[in-house]
Amino acid sequence: MNKKLKQKTTAIIIFSLVTILAIIPFFHTEEPPAKAVEPSGKLSSEISKLLANETVLDGALAGVSIRSAKDGRLLYEHIGDTRLQPASVLKMFTAAAAFSVLGEEYRFTTEVLADGKIDGGTLAGDLYLKGMGDPTLLPADFDEMAKRLKSKGIKEVAGDLVADDSWYDDVRYSEDLTWNDEHQYYGAQVSALTASPNQDYDAGTVIVNILPGKKGKAANLLLEPETDYVKILNETVTVDSEGEHDIIIEREHGSNSISVRGTIPVSAHKAREWVAVWEPSLYAGSLFKKSLEDHGIKVVGKIIKGRATETMTRIVSHKSMPLADLMIPFMKLSNNGHAEVLVKEMGKVVQGEGSWEKGLEVMDAELSRIGIDTSQLVLRDGSGISHANLIPANEISKLLYLVQSEKWSPAFQHSLPVAGDELRMAGGTMRNRLKEEHLKDRVSAKTGTLTGVSTLAGYVKTASGDTLIFSIMLNNLLDDREGRKVEDQIVRILAR
């Protein structure tokens, strides 16, 4: 090849390469957005048809992500990378991070300390009740601690009973909790020292039991546990059997004055309402004082807030159930308070500060370590009660795939509600859903509900014996209850 021809050929090649490189970006920018992963087959077409035809989804957003539990392969998605409100499905991320950071055997501690000497059965000083996050303390636990103090010869506390909740910061509500939720059980204040009325472990609440009285008279109101920490204003009327059952319960902001008003038929069964108290650390202190008095220990002083020091004498301590057991009421019953306690506890253990800010930082780091793309998440709390929380459906299904390789995976999966199982601590929030016999023990999933939001994510065993992971996020609904029907229908399609 002569020199002139060679130069000409080289010029043509260079021109061609430059032209191709110039064209590639042009075609790239003109490509349509990535389509949803939709493998051929009935599964894809049925789900797509359902999403297209359900009138409840008109004007709503539906994020759906389906994966193989075996290899994590994405089998179907519909706007799976769009961030949507997760509601209580977010609790799965909190649970995973807590298992990873704290461990299955982690227990919360509550201590009783003395500031003064014990002489002749009298504590010449103050008695401190120091909470360190336990959301499962019951009146029975205070009784047990009082019994142990009695066995050590204490008959009187000359000083005050001091409630110490300094293990966490003093911020009681998560950032986006709405004002009208603060008296609801799911909006109870978060404190390092708190108490629960029963084994649902709704910390920081009392139960108001409402029974009909005589016709024309007020209803009978009973508190559980018995406590004078709250004051009840009874404005109810018992009406005849055909009358309306309409009871409204509210707690006045900044106080423990609870008003109960409305009507109850004379033939009505007992009604129960959980009400969050104001300042749960003093509530715990009042229950402990009652236990002390019931066991013959007199407290001369008042119940006040304060902080114990390292120089004080530790008299008794109480350990909570292990974290793996705590996860059952937390996840099965979707307990908001437990979620926020776990966030603060992670912050305390790892960064030395029991706050939402530090806890969410720890949670973010741990989820990233597990394999979640936390740059796609907006986390404002641990429970999902905030409408500002945002997670893509694909990251939820990814979490459910990734946790399978963690050593705590059996405890995590055991904590999920089992569809159609009527036992409260088995079926949880799924006990009245997907109750068909052929679906028995085949669906375990976490529910989520906010105004205009319904979500469901978990595992389903198919008829062929495989396990699929699903994440369904319905946002901007006019009726979130109707959204559950759509979720259940998708799960039925997957089960087939």
# chains A, B, ... in the order shown; residues from 1 in each chain; ligands from 1

call {"tool": "residues_around", "arguments": {"residues": "Glu487 in chain A", "least_positions_apart": "6", "cutoff": "8 Å", "atoms": "only C-alpha atoms", "output": "count of residues only"}}
result
3

call {"tool": "select_by_dssp", "arguments": {"residues": "range 81-257 of chain A", "states": "strand (DSSP E)", "output": "ChimeraX atom specification"}}
result
/A:83-84,109-115,118-119,122-123,126-131,156-157,161-164,205-211,220-224,231-239,246-251,257

call {"tool": "write_last_selection", "arguments": {"atoms": "C-alpha atoms", "output": "mmCIF file, in the first residue's frame"}}
result
data_model
loop_
_atom_site.group_PDB
_atom_site.id
_atom_site.type_symbol
_atom_site.label_atom_id
_atom_site.label_comp_id
_atom_site.auth_asym_id
_atom_site.auth_seq_id
_atom_site.Cartn_x
_atom_site.Cartn_y
_atom_site.Cartn_z
ATOM 1 C CA ARG A 83 -39.389 5.769 46.380
ATOM 2 C CA LEU A 84 -42.751 5.352 48.114
ATOM 3 C CA THR A 109 -31.594 -3.675 81.932
ATOM 4 C CA THR A 110 -33.486 -1.799 84.639
ATOM 5 C CA GLU A 111 -31.688 -0.985 87.887
ATOM 6 C CA VAL A 112 -32.688 0.054 91.408
ATOM 7 C CA LEU A 113 -30.006 2.066 93.220
ATOM 8 C CA ALA A 114 -29.693 3.654 96.658
ATOM 9 C CA ASP A 115 -28.292 7.090 97.456
ATOM 10 C CA ILE A 118 -29.560 1.325 104.869
ATOM 11 C CA ASP A 119 -29.862 1.297 108.644
ATOM 12 C CA THR A 122 -34.612 2.432 106.554
ATOM 13 C CA LEU A 123 -32.853 3.813 103.501
ATOM 14 C CA ASP A 126 -33.322 8.449 97.859
ATOM 15 C CA LEU A 127 -34.207 5.310 95.918
ATOM 16 C CA TYR A 128 -33.505 5.441 92.173
ATOM 17 C CA LEU A 129 -35.306 3.526 89.437
ATOM 18 C CA LYS A 130 -33.021 3.690 86.416
ATOM 19 C CA GLY A 131 -34.458 2.717 83.053
ATOM 20 C CA GLU A 156 -38.806 2.461 104.422
ATOM 21 C CA VAL A 157 -37.296 4.991 102.013
ATOM 22 C CA LEU A 161 -38.306 7.801 94.648
ATOM 23 C CA VAL A 162 -36.309 9.104 91.689
ATOM 24 C CA ALA A 163 -37.152 8.099 88.115
ATOM 25 C CA ASP A 164 -34.019 8.123 85.941
ATOM 26 C CA THR A 205 -49.971 3.471 77.918
ATOM 27 C CA VAL A 206 -52.894 2.642 80.183
ATOM 28 C CA ILE A 207 -55.954 0.614 79.204
ATOM 29 C CA VAL A 208 -59.365 2.126 79.826
ATOM 30 C CA ASN A 209 -61.987 -0.612 80.217
ATOM 31 C CA ILE A 210 -65.532 0.605 79.534
ATOM 32 C CA LEU A 211 -68.563 -1.331 80.748
ATOM 33 C CA ASN A 220 -68.260 1.938 84.564
ATOM 34 C CA LEU A 221 -64.633 2.764 83.835
ATOM 35 C CA LEU A 222 -61.739 0.628 85.057
ATOM 36 C CA LEU A 223 -58.043 1.336 84.540
ATOM 37 C CA GLU A 224 -55.452 -1.302 83.729
ATOM 38 C CA LYS A 231 -57.276 11.140 86.148
ATOM 39 C CA ILE A 232 -60.471 10.053 84.386
ATOM 40 C CA LEU A 233 -63.273 12.459 83.562
ATOM 41 C CA ASN A 234 -66.346 10.277 83.002
ATOM 42 C CA GLU A 235 -68.904 11.981 80.762
ATOM 43 C CA THR A 236 -70.571 8.832 79.442
ATOM 44 C CA VAL A 237 -74.217 7.803 79.465
ATOM 45 C CA THR A 238 -75.598 4.260 79.355
ATOM 46 C CA VAL A 239 -78.479 4.087 76.869
ATOM 47 C CA ASP A 246 -70.242 5.914 70.447
ATOM 48 C CA ILE A 247 -67.421 6.433 72.929
ATOM 49 C CA ILE A 248 -64.689 9.048 72.437
ATOM 50 C CA ILE A 249 -61.522 9.054 74.556
ATOM 51 C CA GLU A 250 -58.998 11.891 74.578
ATOM 52 C CA ARG A 251 -56.090 12.944 76.771
ATOM 53 C CA SER A 257 -56.366 14.097 82.361
#

call {"tool": "residues_around", "arguments": {"residues": "range 144-151 of chain A", "least_positions_apart": "2", "cutoff": "7 Å", "atoms": "only C-alpha atoms", "output": "PyMOL selection string"}}
result
chain A and resi 140-142+153-155+291-292+295+316

call {"tool": "atom_distance", "arguments": {"atom1": "CA of Gly347 in chain A", "atom2": "CA of Val89 in chain A"}}
result
21.2 Å

call {"tool": "select_by_dssp", "arguments": {"residues": "range 147-176 of chain A", "states": "helix (DSSP H, G or I)", "output": "compact mmCIF listing (two decimals) with C-alpha atoms, in the first residue's frame"}}
result
# COMPACT_ATOMS: atom_id res chain seq x y z
CA LYS A 147 -40.14 -8.20 96.66
CA ARG A 148 -36.37 -8.45 96.30
CA LEU A 149 -35.88 -5.12 98.05
CA LYS A 150 -38.06 -6.36 100.89
CA SER A 151 -35.93 -9.49 101.16

call {"tool": "atom_distance", "arguments": {"atom1": "CA of Val460 in chain A", "atom2": "CA of Gln413 in chain A"}}
result
11.9 Å

call {"tool": "closest_atom_pairs", "arguments": {"of": "range 133-233 of chain A", "to": "range 380-387 of chain A", "cutoff": "10 Å", "atoms": "only C-alpha atoms", "output": "Markdown table"}}
result
| residue | atom | partner | partner_atom | distance |
| --- | --- | --- | --- | --- |
| A:Tyr173 | CA | A:Asp381 | CA | 9.9 |
| A:Ser174 | CA | A:Asp381 | CA | 6.4 |
| A:Glu175 | CA | A:Arg380 | CA | 7.1 |
| A:Asp176 | CA | A:Ser386 | CA | 5.3 |
| A:Leu177 | CA | A:Ser386 | CA | 6.4 |
| A:Thr178 | CA | A:Ser386 | CA | 8.6 |
| A:Tyr186 | CA | A:Ile385 | CA | 8.8 |
| A:Gly187 | CA | A:Ile385 | CA | 8.7 |

call {"tool": "atom_distance", "arguments": {"atom1": "CA of Glu366 in chain A", "atom2": "CA of Val101 in chain A"}}
result
7.3 Å

call {"tool": "closest_residue", "arguments": {"among": "A:Leu423, A:Leu434, A:Val190, A:Val300", "to": "Asp202 in chain A", "atoms": "only C-alpha atoms"}}
result
A:Val190

call {"tool": "closest_residue", "arguments": {"among": "A:Leu102, A:Met321, A:Ala495, A:Ile490", "to": "Glu46 in chain A", "atoms": "only C-alpha atoms"}}
result
A:Ile490

call {"tool": "closest_atom_pairs", "arguments": {"of": "range 334-446 of chain A", "to": "range 194-199 of chain A", "cutoff": "12 Å", "atoms": "only C-alpha atoms", "output": "tab-separated table"}}
result
residue	atom	partner	partner_atom	distance
A:Asn335	CA	A:Gln199	CA	11.9
A:Gly337	CA	A:Thr194	CA	10.4
A:His338	CA	A:Ser196	CA	11.3
A:Val341	CA	A:Thr194	CA	10.7
A:Arg424	CA	A:Gln199	CA	11.2
A:Met425	CA	A:Gln199	CA	10.3

call {"tool": "write_last_selection", "arguments": {"atoms": "C-alpha atoms", "output": "mmCIF file, in the first residue's frame"}}
result
data_model
loop_
_atom_site.group_PDB
_atom_site.id
_atom_site.type_symbol
_atom_site.label_atom_id
_atom_site.label_comp_id
_atom_site.auth_asym_id
_atom_site.auth_seq_id
_atom_site.Cartn_x
_atom_site.Cartn_y
_atom_site.Cartn_z
ATOM 1 C CA ASN A 335 -45.454 -1.969 67.825
ATOM 2 C CA GLY A 337 -42.762 2.186 70.469
ATOM 3 C CA HIS A 338 -40.507 -0.848 70.183
ATOM 4 C CA VAL A 341 -36.624 2.272 71.293
ATOM 5 C CA ARG A 424 -52.429 -13.371 68.193
ATOM 6 C CA MET A 425 -48.687 -13.844 68.606
#

call {"tool": "residues_around", "arguments": {"residues": "Arg484 in chain A", "least_positions_apart": "2", "cutoff": "9 Å", "atoms": "only C-alpha atoms", "output": "number ranges by chain"}}
result
A: 433, 454-456, 474, 480-482, 486-489

call {"tool": "write_last_selection", "arguments": {"atoms": "C-alpha atoms", "output": "PDB file, in the first residue's frame"}}
result
ATOM      1  CA  ARG A 433     -56.044 -12.052  55.942  1.00  0.00           C
ATOM      2  CA  SER A 454     -51.166   0.318  52.371  1.00  0.00           C
ATOM      3  CA  THR A 455     -48.115  -1.931  52.096  1.00  0.00           C
ATOM      4  CA  LEU A 456     -47.266  -5.604  52.395  1.00  0.00           C
ATOM      5  CA  LEU A 474     -49.730   1.270  47.419  1.00  0.00           C
ATOM      6  CA  ASP A 480     -56.233   2.154  52.328  1.00  0.00           C
ATOM      7  CA  ARG A 481     -58.514  -0.712  53.417  1.00  0.00           C
ATOM      8  CA  GLU A 482     -59.374  -1.407  49.781  1.00  0.00           C
ATOM      9  CA  VAL A 486     -55.263  -5.710  45.963  1.00  0.00           C
ATOM     10  CA  GLU A 487     -52.228  -6.848  47.968  1.00  0.00           C
ATOM     11  CA  ASP A 488     -53.907 -10.100  48.952  1.00  0.00           C
ATOM     12  CA  GLN A 489     -54.899 -10.794  45.378  1.00  0.00           C
TER      13      GLN A 489
END

call {"tool": "closest_residue", "arguments": {"among": "A:Asn336, A:Ser444, A:Ser281, A:Thr374", "to": "Phe470 in chain A", "atoms": "only C-alpha atoms"}}
result
A:Ser444

call {"tool": "residues_around", "arguments": {"residues": "Ser409 in chain A", "least_positions_apart": "5", "cutoff": "12 Å", "atoms": "only C-alpha atoms", "output": "PyMOL selection string"}}
result
chain A and resi 92+95-97+99-100+103-104+324+399-404+414-416
